[in-house]
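my_file-v1.txt (compact mmCIF, C-alpha atoms) appears below.
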```
# COMPACT_ATOMS: atom_id res chain seq x y z
CA MET H 1 176.35 -129.26 6.79
CA LYS H 2 179.60 -127.29 6.74
CA MET H 3 181.15 -124.93 9.24
CA ARG H 4 181.76 -121.42 7.91
CA GLU H 5 185.22 -121.34 6.35
CA SER H 6 187.83 -119.02 7.81
CA GLN H 7 188.64 -116.24 5.37
CA VAL H 8 191.96 -115.67 7.15
CA LEU H 9 193.06 -119.28 6.82
CA LYS H 10 191.87 -119.38 3.22
CA LYS H 11 194.07 -116.40 2.38
CA LEU H 12 197.09 -117.52 4.36
CA ARG H 13 196.99 -121.08 3.03
CA SER H 14 196.95 -119.72 -0.52
CA GLY H 15 200.10 -117.69 0.13
CA LYS H 16 198.40 -114.31 0.56
CA CYS H 17 198.52 -111.88 3.47
CA ALA H 18 195.59 -111.06 5.75
CA CYS H 19 194.81 -108.04 7.92
CA SER H 20 192.78 -107.42 11.05
CA PHE H 21 191.48 -104.42 13.01
CA LYS H 22 191.25 -104.32 16.80
CA LEU H 23 188.13 -103.24 18.69
CA ASN H 24 188.13 -101.87 22.21
CA LEU H 25 184.64 -100.35 22.00
CA CYS H 26 181.93 -102.71 23.21
CA SER H 27 179.58 -102.21 20.29
CA ALA H 28 178.13 -104.51 17.65
CA GLN H 29 177.63 -101.49 15.39
CA THR H 30 181.36 -100.77 15.51
CA ALA H 31 182.07 -104.38 14.60
CA GLU H 32 179.69 -104.17 11.65
CA LEU H 33 181.22 -100.90 10.45
CA VAL H 34 184.68 -102.47 10.49
CA ALA H 35 183.42 -105.64 8.82
CA MET H 36 182.00 -103.51 5.99
CA SER H 37 185.35 -101.72 5.51
CA GLY H 38 187.30 -104.53 3.86
CA PHE H 39 189.30 -106.11 6.69
CA ASP H 40 189.72 -109.88 6.72
CA CYS H 41 189.34 -110.16 10.48
CA ILE H 42 188.18 -108.27 13.56
CA TRP H 43 190.23 -108.64 16.72
CA LEU H 44 188.06 -108.66 19.85
CA ASP H 45 189.73 -108.55 23.24
CA GLN H 46 188.85 -110.25 26.50
CA GLU H 47 192.28 -109.79 28.06
CA HIS H 48 191.91 -106.02 28.54
CA VAL H 49 188.34 -105.12 27.53
CA ALA H 50 185.41 -105.61 29.90
CA GLN H 51 182.63 -106.43 27.44
CA ASP H 52 180.27 -109.20 28.56
CA TRP H 53 179.51 -112.37 26.60
CA ALA H 54 176.31 -110.98 25.09
CA VAL H 55 178.22 -108.05 23.58
CA LEU H 56 180.95 -110.34 22.30
CA ASN H 57 178.32 -112.59 20.77
CA ALA H 58 176.63 -109.64 19.04
CA GLN H 59 179.95 -108.39 17.68
CA ASN H 60 180.68 -111.85 16.32
CA TRP H 61 177.25 -112.02 14.63
CA ALA H 62 177.84 -108.61 13.04
CA ALA H 63 181.14 -109.76 11.57
CA LYS H 64 179.75 -113.10 10.37
CA ALA H 65 176.92 -111.30 8.57
CA HIS H 66 179.58 -109.84 6.27
CA ASP H 67 181.67 -113.05 6.09
CA VAL H 68 184.48 -111.51 8.12
CA ASP H 69 186.52 -113.54 10.60
CA VAL H 70 186.69 -112.81 14.32
CA MET H 71 189.75 -113.46 16.48
CA VAL H 72 189.20 -113.22 20.23
CA ARG H 73 192.14 -112.62 22.50
CA VAL H 74 191.19 -114.70 25.51
CA PRO H 75 192.12 -114.10 29.15
CA ARG H 76 194.62 -116.51 30.63
CA GLY H 77 192.36 -118.89 32.53
CA GLY H 78 190.83 -122.34 32.38
CA TYR H 79 189.73 -124.22 29.30
CA SER H 80 186.24 -122.68 29.37
CA ASP H 81 187.75 -119.22 28.86
CA TYR H 82 189.49 -120.52 25.74
CA ILE H 83 186.73 -122.52 24.09
CA LYS H 84 183.66 -120.34 24.72
CA PRO H 85 184.61 -117.86 21.95
CA LEU H 86 185.11 -120.82 19.60
CA GLU H 87 181.74 -122.26 20.58
CA MET H 88 180.00 -118.97 19.76
CA ASP H 89 181.68 -119.45 16.35
CA ALA H 90 184.54 -117.00 16.52
CA THR H 91 187.01 -118.00 13.84
CA GLY H 92 190.09 -117.98 16.02
CA ILE H 93 191.55 -117.23 19.41
CA LEU H 94 194.72 -115.43 20.43
CA VAL H 95 196.30 -116.68 23.65
CA PRO H 96 198.47 -114.01 25.31
CA HIS H 97 201.75 -114.43 27.16
CA VAL H 98 202.64 -117.98 26.14
CA MET H 99 205.76 -118.54 28.23
CA ASN H 100 207.25 -121.90 27.25
CA VAL H 101 206.72 -125.09 25.28
CA GLU H 102 204.68 -126.78 28.00
CA ASP H 103 202.40 -123.77 28.23
CA ALA H 104 201.86 -123.90 24.47
CA ARG H 105 201.23 -127.64 24.58
CA LYS H 106 198.50 -127.18 27.22
CA VAL H 107 196.77 -124.54 25.10
CA ILE H 108 196.69 -126.90 22.14
CA GLN H 109 195.37 -129.75 24.27
CA MET H 110 192.52 -127.56 25.57
CA THR H 111 191.53 -126.04 22.22
CA ARG H 112 191.87 -128.83 19.64
CA PHE H 113 189.68 -131.88 19.25
CA HIS H 114 190.82 -135.48 18.78
CA PRO H 115 193.25 -136.58 17.47
CA VAL H 116 195.23 -133.40 18.17
CA GLY H 117 193.99 -132.48 21.64
CA ARG H 118 191.34 -133.03 24.29
CA ARG H 119 189.05 -130.04 23.86
CA PRO H 120 185.75 -130.77 25.66
CA ILE H 121 182.89 -131.48 23.26
CA ASP H 122 179.54 -129.72 23.13
CA CYS H 123 177.92 -129.73 19.69
CA GLY H 124 174.95 -127.63 20.80
CA ASN H 125 176.41 -124.21 20.18
CA ALA H 126 176.81 -121.97 17.15
CA ASP H 127 180.03 -123.54 15.87
CA GLY H 128 178.35 -126.96 15.73
CA ALA H 129 175.20 -125.54 14.10
CA TYR H 130 173.31 -126.19 17.36
CA SER H 131 173.78 -129.99 17.07
CA LEU H 132 172.83 -130.18 13.36
CA MET H 133 176.38 -131.07 12.32
CA ASN H 134 177.58 -134.64 12.32
CA LEU H 135 179.84 -135.13 15.34
CA HIS H 136 182.87 -136.38 13.43
CA GLU H 137 182.52 -133.66 10.80
CA TYR H 138 182.23 -131.08 13.55
CA LEU H 139 185.47 -132.23 15.15
CA ARG H 140 187.30 -132.37 11.83
CA GLN H 141 186.10 -129.02 10.55
CA ALA H 142 186.68 -127.25 13.87
CA ASN H 143 190.29 -128.44 13.83
CA GLY H 144 190.75 -127.30 10.24
CA GLN H 145 188.72 -124.08 9.99
CA ARG H 146 189.39 -122.43 13.36
CA PHE H 147 192.81 -120.96 14.08
CA ILE H 148 194.83 -120.83 17.27
CA ALA H 149 197.40 -118.04 17.64
CA LEU H 150 200.02 -118.05 20.39
CA GLN H 151 201.24 -114.63 21.44
CA ILE H 152 204.96 -114.20 22.03
CA GLU H 153 205.36 -111.02 24.07
CA ASP H 154 207.92 -111.90 26.75
CA PRO H 155 211.62 -112.83 26.72
CA GLU H 156 211.01 -116.15 28.54
CA PRO H 157 209.60 -118.15 25.59
CA LEU H 158 212.54 -117.20 23.37
CA GLU H 159 214.60 -120.00 24.93
CA THR H 160 212.19 -122.61 23.57
CA LEU H 161 210.80 -120.72 20.57
CA GLU H 162 211.89 -123.39 18.09
CA GLU H 163 210.23 -126.11 20.18
CA ILE H 164 207.04 -124.08 20.49
CA ALA H 165 206.89 -123.44 16.75
CA ALA H 166 207.43 -127.12 16.01
CA LEU H 167 204.33 -128.20 17.94
CA GLU H 168 201.39 -129.46 15.91
CA GLY H 169 197.93 -128.09 16.50
CA PHE H 170 198.26 -124.32 16.32
CA ASP H 171 198.47 -121.94 13.39
CA MET H 172 200.19 -118.65 14.26
CA LEU H 173 202.97 -117.14 16.28
CA PHE H 174 201.88 -113.59 17.09
CA PHE H 175 204.63 -111.17 18.16
CA GLY H 176 203.37 -108.50 20.58
CA PRO H 177 205.86 -105.60 20.64
CA GLY H 178 204.07 -103.56 23.33
CA ASP H 179 204.30 -106.00 26.22
CA PHE H 180 207.64 -107.28 24.93
CA SER H 181 209.16 -103.80 25.21
CA HIS H 182 207.74 -103.57 28.73
CA ALA H 183 209.03 -107.01 29.70
CA ILE H 184 212.60 -106.20 28.67
CA GLY H 185 212.56 -102.95 30.64
CA ALA H 186 212.23 -100.65 27.63
CA PRO H 187 208.52 -99.75 27.42
CA GLY H 188 207.65 -98.04 24.16
CA GLN H 189 211.18 -98.18 22.74
CA TRP H 190 210.17 -99.61 19.36
CA ASP H 191 213.72 -99.38 18.01
CA HIS H 192 215.27 -101.33 20.91
CA PRO H 193 217.81 -103.81 19.42
CA LEU H 194 216.36 -106.83 21.24
CA LEU H 195 212.83 -105.97 20.13
CA LEU H 196 213.89 -105.58 16.50
CA LYS H 197 215.89 -108.80 16.61
CA THR H 198 213.02 -110.73 18.23
CA ARG H 199 210.47 -109.41 15.75
CA GLU H 200 212.57 -110.78 12.90
CA ARG H 201 213.25 -114.04 14.70
CA VAL H 202 209.58 -114.79 15.45
CA ALA H 203 208.70 -114.42 11.76
CA ALA H 204 211.62 -116.58 10.65
CA VAL H 205 210.96 -119.36 13.18
CA ALA H 206 207.24 -119.43 12.43
CA ARG H 207 207.77 -119.85 8.72
CA LYS H 208 210.55 -122.40 9.26
CA HIS H 209 208.10 -124.66 11.08
CA GLY H 210 205.15 -124.13 8.76
CA LYS H 211 203.29 -121.65 10.96
CA PHE H 212 201.95 -118.23 10.05
CA ALA H 213 203.64 -115.13 11.47
CA ALA H 214 201.44 -112.40 12.93
CA THR H 215 202.03 -109.02 14.55
CA VAL H 216 200.76 -105.44 14.74
CA GLY H 217 201.68 -102.72 12.29
CA GLY H 218 200.43 -99.74 10.35
CA PRO H 219 200.69 -97.87 7.06
CA GLY H 220 204.26 -96.83 7.86
CA ASP H 221 205.69 -100.31 8.29
CA PHE H 222 203.35 -103.03 7.05
CA LYS H 223 205.32 -103.44 3.80
CA ASP H 224 208.49 -103.97 5.84
CA LEU H 225 206.70 -106.50 8.04
CA ILE H 226 205.48 -108.43 5.01
CA SER H 227 209.02 -108.44 3.58
CA MET H 228 210.22 -109.74 6.95
CA GLY H 229 207.86 -112.73 6.62
CA TYR H 230 204.75 -111.60 8.49
CA ASN H 231 201.55 -112.56 6.70
CA PHE H 232 198.89 -111.59 9.28
CA ILE H 233 199.01 -107.97 10.47
CA ASN H 234 196.69 -105.98 12.69
CA LEU H 235 196.55 -102.48 11.22
CA GLY H 236 194.88 -100.34 13.86
CA ALA H 237 192.25 -99.94 16.55
CA ASP H 238 188.91 -98.19 16.87
CA VAL H 239 189.85 -96.08 19.89
CA MET H 240 192.98 -94.75 18.19
CA GLY H 241 191.06 -93.60 15.12
CA LEU H 242 188.12 -92.13 17.01
CA THR H 243 190.32 -90.38 19.56
CA LYS H 244 192.44 -88.76 16.85
CA TYR H 245 189.34 -87.70 14.89
CA CYS H 246 187.63 -86.17 17.92
CA HIS H 247 190.75 -84.30 19.02
CA GLU H 248 191.34 -82.91 15.53
CA LEU H 249 187.74 -81.69 15.23
CA ALA H 250 187.65 -80.10 18.70
CA ARG H 251 191.08 -78.51 18.32
CA GLY H 252 190.24 -77.14 14.90
CA PHE H 253 187.03 -75.58 16.17
CA GLN H 254 188.70 -74.08 19.22
CA ASP H 255 191.56 -72.67 17.17
CA SER H 256 189.19 -71.10 14.66
CA THR H 257 187.03 -69.43 17.32
CA ARG H 258 189.83 -68.21 19.57
CA SER H 259 189.78 -64.45 19.85
```
Written as structure tokens, that's how I'd like the structure from this file.
Amino acid sequence: MKMRESQVLKKLRSGKCACSFKLNLCSAQTAELVAMSGFDCIWLDQEHVAQDWAVLNAQNWAAKAHDVDVMVRVPRGGYSDYIKPLEMDATGILVPHVMNVEDARKVIQMTRFHPVGRRPIDCGNADGAYSLMNLHEYLRQANGQRFIALQIEDPEPLETLEEIAALEGFDMLFFGPGDFSHAIGAPGQWDHPLLLKTRERVAAVARKHGKFAATVGGPGDFKDLISMGYNFINLGADVMGLTKYCHELARGFQDSTRS
């Protein structure tokens, strides 16, 4: 028995680019709608969104039904917070605010099986086919078909960025411009020189050490990001699209009926 292959890793390992779409709405129907739209991956969030595990599980099922990957941004906590999304068979996790090389090393140790790390074993969940998979195959396939992304969104890890990128056992460096701009005292200044320089550096260092480079973007800049070396890009979010749509409809109606 085989674990479901990651469509993101399949694309990235073949030299192609992959895209994701972020969900803030706690709805399996929203996840299914996005999965049917052509994205490679759905980004679910536990750092900022208050959905419970049952909702997260349903969203993951909806994506899997259409062979679309799920990346869960986990809260910074203990190892159970990190591995539970993997055990429900999410395809990857995104760990926010990785601050230094030792922090990154601990994440790898908690989320990778032998011989890479010391992730606790429980074959009885969805990722292990509820104990139907051979133990050694489960460990091997989980290490090879589930991705770990480390989010660089603070100035502190820049001192050891090369050392972080050189570690074995994770797949992506993910540059987060929002919190980075906040951390350097320039919230929302997307053209700040240090932000622009760091965005380029994260991509270059990731590729130098054989890792994939990930970030957020949109129609106005994703070609530039790809040229810069990014090969995994989140292109939008449900709340942004729905909010804009609702406002445009309501404003248009109000303008047309104003006396």
Self-check item: Contact residues around Ala129 in chain H with only C-alpha atoms at 9 Å, ignoring same-chain residues under 2 positions, as number ranges by chain
Solution: H: 1-3, 123-127, 131-133, 138
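The space between CA of Ala149 in chain H and CA of Lys22 in chain H spans 15.1 Å.
The smallest atom-to-atom distance between Arg76 in chain H and any of H:Ala28, H:Ala213, H:Cys17, H:Leu150, using all atoms listed in the file, is found for H:Leu150.
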Quiz item: Within 7 Å of range 87-99 of chain H, counting only C-alpha atoms, which residues qualify if same-chain residues fewer than 3 places away don't, as a list in words?
Solution: Ser6, Asn57, Asn60, Asp69, Val70, Met71, Val72, Arg73, Val74, Ile83, Lys84, Asp103, Ala104, Asn125, Ala126, Asp127, Arg146, Phe147, Ile148, Ala149, Leu150, Gln151, Ile152, Glu153, Asp154, Glu156 and Pro157 of chain H
Quiz item: What is the CA of Ala35 in chain H-CA of Leu56 in chain H distance in Å, reported with one decimal?
Solution: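 It comes out at 14.5 Å.
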Quiz item: From the set H:Met172, H:Val216, H:Ala165, H:Ile42, which residue has the shortest atom-to-atom contact distance to Arg13 in chain H, counting only C-alpha atoms?
Solution: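 So, comparing all the options, the nearest one is H:Met172.
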Quiz item: Mind pulling up the distance from CA of Leu12 in chain H to CA of Val101 in chain H?
Solution: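 About the pair CA of Val101 in chain H and CA of Leu12 in chain H: they are 24.2 Å apart.
Restricting the calculation to all atoms listed in the file, the smallest distance between Arg105 in chain H and any of H:Phe170, H:Ala65, H:Asp221, H:Ile226 is found for H:Phe170.
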Quiz item: Near Leu235 in chain H, counting all atoms listed in the file, which residues have an atom at most 9 Å away, once you skip same-chain residues fewer than 4 positions from it, shown as a PyMOL selection string?
Solution: chain H and resi 19-22+216-219+222
Quiz item: Counting only C-alpha atoms, what is within 8 Å of Val68 in chain H, bar same-chain residues fewer than 4 positions away, as a list in words?
Solution: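 Listing them by chain and then by number gives Gln7, Ala35, Phe39, Asp40, Cys41, Ile42, Ala63 and Lys64 of chain H.
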How big is the axis-aligned box around all listed atoms of range 32-38 of chain H once 4 Å goes on each side, and where's its centre, in Å to one decimal, as AutoDock Vina command-line options?
```
--center_x 183.5 --center_y -103.3 --center_z 7.8 --size_x 15.6 --size_y 12.7 --size_z 15.8
```
Close residues, Leu195 in chain H itself excluded, 12 Å, all atoms listed in the file, min 6 positions apart in chain, as a compact mmCIF listing (two decimals) with C-alpha atoms, keeping the file's coordinate frame:
```txt
# COMPACT_ATOMS: atom_id res chain seq x y z
CA ILE H 152 204.96 -114.20 22.03
CA GLU H 153 205.36 -111.02 24.07
CA ASP H 154 207.92 -111.90 26.75
CA PRO H 155 211.62 -112.83 26.72
CA LEU H 158 212.54 -117.20 23.37
CA PHE H 175 204.63 -111.17 18.16
CA GLY H 176 203.37 -108.50 20.58
CA PRO H 177 205.86 -105.60 20.64
CA GLY H 178 204.07 -103.56 23.33
CA ASP H 179 204.30 -106.00 26.22
CA PHE H 180 207.64 -107.28 24.93
CA SER H 181 209.16 -103.80 25.21
CA HIS H 182 207.74 -103.57 28.73
CA ALA H 183 209.03 -107.01 29.70
CA ILE H 184 212.60 -106.20 28.67
CA GLY H 185 212.56 -102.95 30.64
CA ALA H 186 212.23 -100.65 27.63
CA PRO H 187 208.52 -99.75 27.42
CA GLY H 188 207.65 -98.04 24.16
CA GLN H 189 211.18 -98.18 22.74
CA ARG H 201 213.25 -114.04 14.70
CA VAL H 202 209.58 -114.79 15.45
```
Quiz item: Pick the closest to Gly15 in chain H from H:Tyr245, H:Phe232, H:Trp53, H:Tyr130: which is it, counting all atoms listed in the file?
Solution: H:Phe232
Quiz item: So which one's closest to Thr111 in chain H, H:Asp255, H:Asp171, H:Asp67, H:Glu163? Using all atoms listed in the file, please.
Solution: H:Asp171
